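This report refers to the structure that appears directly beneath it.
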Amino acid sequence: MRKLLLVACLVFACVPGSQAAVSQTIYAWFDVDGNLNVRYVDNSNVGSTIPPGTYQVILNNNTADDYAVDHKFHLFGPGVNYSPPAGAVQTTFSVTFQAGGAYTIQDDLDPAGHHQTVVATTSAGVASSGSSSTSTTATGSSKPTSSDIVGSDVAPFRGALDAIVFGNGNLALTRQGKRVSTLKSGRYTFFVDDESKARGFTVQQLHRQGVTITTPTFKGTHDATISLKPGQWFFYSPGAKKSPFVVVS
């Protein structure tokens, strides 16, 4: 199960009297359906403008999505023209957005379908709320599009977790290829690949109500962003054994 997650951590250089960014951190990634997402830490979308300044960008998992469709990150504009080195999975680079400059973030392998233009300006820009709508499609149908946000509040976004419900009913939860046992508190996007028609995937904090991402009758892919608070957590399929992990401050 391969996910493309581009995490862009931006360190903003303030300009006196200028518009401030929604947050000092921005996350950008291609989701399981190959859609390009660029968001602030509060889950609002980065709009058509961004304050000028110098940013550090961390590009992670520059590979194919769940449908084996390749993507290639590219950021360009005045003084900037960055694409990751061939074969690079993760790179870090600095970029300065010049006042008045127009910058494009796109997938070079599908620029018409996946791109965004951002203007560096001190004027107020547009930042829209993250979507909470959901549309899922079973295996064999068209690609599902899903973006559930559960208990997001203002917790920092930490990245993606990969979950698999195998055909035999077994479950797995990993992060960057490693089994999850301990996580820092914050918001995580659970990408679930459900290959079973008899098992589902639920996440639950001890003594709290569980959050069901896929039901036992569902087969396909679905994702949900969940705010994980410190304490004991479990992932499981209803009626089956629970697998524990710990969330720390």
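Residue names in the structure tokens use chain letters A, B, ... in the order shown, residue numbers from 1 in each chain, and ligand numbers from 1 in the order shown.
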Legend entry - Residue neighbourhood A:Arg158, 9 Å, only C-alpha atoms, exclusion window fewer than 3 positions, as a list of chain:residue names: A:Lys184, A:Ser185, A:Gly186, A:Arg187, A:Tyr188, A:Thr189
Inset, instruction - Please provide as a PyMOL selection string all residues within 9 Å of stretch 100-106 of chain A, with the sequence filter that same-chain residues fewer than 4 positions apart are discarded (counting only C-alpha atoms). - result: chain A and resi 36+49+52+72-78+80+110-122
Could you write out the selected residues, including N, CA, C and O atoms, as a tab-separated table (two decimals), in the first residue's frame?
```tsv
chain	number	residue	atom	x	y	z
A	36	LEU	N	-4.13	16.69	-5.28
A	36	LEU	CA	-3.13	17.52	-4.61
A	36	LEU	C	-3.79	18.33	-3.51
A	36	LEU	O	-4.74	19.08	-3.75
A	49	THR	N	-3.25	33.17	-2.19
A	49	THR	CA	-2.16	34.04	-1.77
A	49	THR	C	-1.47	33.45	-0.54
A	49	THR	O	-2.06	32.67	0.22
A	52	PRO	N	4.78	36.73	1.71
A	52	PRO	CA	6.16	36.53	1.25
A	52	PRO	C	7.05	36.09	2.40
A	52	PRO	O	6.78	36.37	3.56
A	72	LYS	N	4.88	13.54	-9.62
A	72	LYS	CA	6.18	14.21	-9.53
A	72	LYS	C	5.97	15.66	-9.11
A	72	LYS	O	5.47	16.47	-9.87
A	73	PHE	N	6.41	15.97	-7.92
A	73	PHE	CA	6.25	17.30	-7.34
A	73	PHE	C	7.11	18.32	-8.08
A	73	PHE	O	8.26	18.05	-8.43
A	74	HIS	N	6.56	19.51	-8.28
A	74	HIS	CA	7.30	20.60	-8.93
A	74	HIS	C	6.78	21.93	-8.39
A	74	HIS	O	5.58	22.18	-8.40
A	75	LEU	N	7.70	22.76	-7.90
A	75	LEU	CA	7.38	24.10	-7.42
A	75	LEU	C	8.22	25.09	-8.20
A	75	LEU	O	9.46	24.97	-8.23
A	76	PHE	N	7.58	26.07	-8.85
A	76	PHE	CA	8.35	27.02	-9.63
A	76	PHE	C	7.68	28.39	-9.65
A	76	PHE	O	6.48	28.53	-9.44
A	77	GLY	N	8.51	29.41	-9.88
A	77	GLY	CA	8.09	30.80	-9.93
A	77	GLY	C	9.32	31.67	-9.87
A	77	GLY	O	10.45	31.18	-10.03
A	78	PRO	N	9.19	32.97	-9.65
A	78	PRO	CA	10.34	33.87	-9.61
A	78	PRO	C	11.40	33.42	-8.59
A	78	PRO	O	11.14	33.33	-7.40
A	80	VAL	N	12.57	30.51	-8.13
A	80	VAL	CA	12.36	29.15	-7.64
A	80	VAL	C	12.04	28.22	-8.80
A	80	VAL	O	11.19	28.54	-9.64
A	110	ASP	N	1.00	15.23	-14.50
A	110	ASP	CA	-0.38	15.58	-14.84
A	110	ASP	C	-0.64	17.03	-14.46
A	110	ASP	O	-1.47	17.32	-13.59
A	111	PRO	N	0.07	17.97	-15.07
A	111	PRO	CA	-0.05	19.38	-14.67
A	111	PRO	C	-1.44	19.97	-14.90
A	111	PRO	O	-1.85	20.87	-14.18
A	112	ALA	N	-2.15	19.47	-15.90
A	112	ALA	CA	-3.49	20.01	-16.16
A	112	ALA	C	-4.47	19.60	-15.07
A	112	ALA	O	-5.38	20.36	-14.73
A	113	GLY	N	-4.29	18.43	-14.52
A	113	GLY	CA	-5.23	17.93	-13.52
A	113	GLY	C	-4.85	18.22	-12.09
A	113	GLY	O	-5.71	18.22	-11.21
A	114	HIS	N	-3.56	18.47	-11.83
A	114	HIS	CA	-3.11	18.65	-10.46
A	114	HIS	C	-2.13	19.81	-10.39
A	114	HIS	O	-0.92	19.64	-10.59
A	115	HIS	N	-2.64	21.00	-10.13
A	115	HIS	CA	-1.77	22.16	-9.98
A	115	HIS	C	-2.47	23.23	-9.16
A	115	HIS	O	-3.70	23.23	-9.03
A	116	GLN	N	-1.68	24.13	-8.61
A	116	GLN	CA	-2.21	25.24	-7.82
A	116	GLN	C	-1.27	26.43	-7.99
A	116	GLN	O	-0.05	26.29	-7.93
A	117	THR	N	-1.82	27.61	-8.18
A	117	THR	CA	-1.04	28.84	-8.29
A	117	THR	C	-1.24	29.68	-7.04
A	117	THR	O	-2.38	29.89	-6.60
A	118	VAL	N	-0.14	30.14	-6.46
A	118	VAL	CA	-0.17	30.94	-5.24
A	118	VAL	C	0.62	32.21	-5.48
A	118	VAL	O	1.74	32.17	-6.00
A	119	VAL	N	0.05	33.36	-5.10
A	119	VAL	CA	0.73	34.65	-5.24
A	119	VAL	C	1.23	35.09	-3.87
A	119	VAL	O	0.47	35.08	-2.89
A	120	ALA	N	2.51	35.48	-3.80
A	120	ALA	CA	3.09	35.97	-2.55
A	120	ALA	C	2.74	37.45	-2.41
A	120	ALA	O	3.21	38.28	-3.17
A	121	THR	N	1.90	37.76	-1.44
A	121	THR	CA	1.44	39.14	-1.26
A	121	THR	C	1.10	39.39	0.19
A	121	THR	O	0.80	38.46	0.94
A	122	THR	N	1.15	40.66	0.58
A	122	THR	CA	0.78	41.04	1.94
A	122	THR	C	-0.72	41.30	2.07
A	122	THR	O	-1.22	41.54	3.15
```
Inset, instruction - Have a look at A:Ile213, A:Ala68, A:Val247, A:Val57 and name the one nearest to A:Lys229; count only C-alpha atoms. - result: A:Val247
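Nearest to A:His71 of all the residues A:Pro85, A:Thr214, A:Gly200, A:Asp108 is A:Asp108, based on only C-alpha atoms.
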Legend entry - Polymer residues at most 10 Å from A:Thr212, only C-alpha atoms, same-chain spacing of 2 or more positions, as a VMD selection string: chain A and resid 200 to 204 209 to 210 214 to 216 224 235 to 238
Legend entry - Spatial neighbours of stretch 239-243 of chain A, 9 Å, only C-alpha atoms, chain gap at least 3 places, as a ChimeraX atom specification: /A:169,171-172,199,233-236
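Atom CA of A:Ala86 is found 13.5 Å from atom CA of A:Leu109.
Distances here use only C-alpha atoms; by that measure, the residue among A:Ala99, A:Val69, A:Leu161, A:Ile226 closest to A:Gln176 is A:Leu161.
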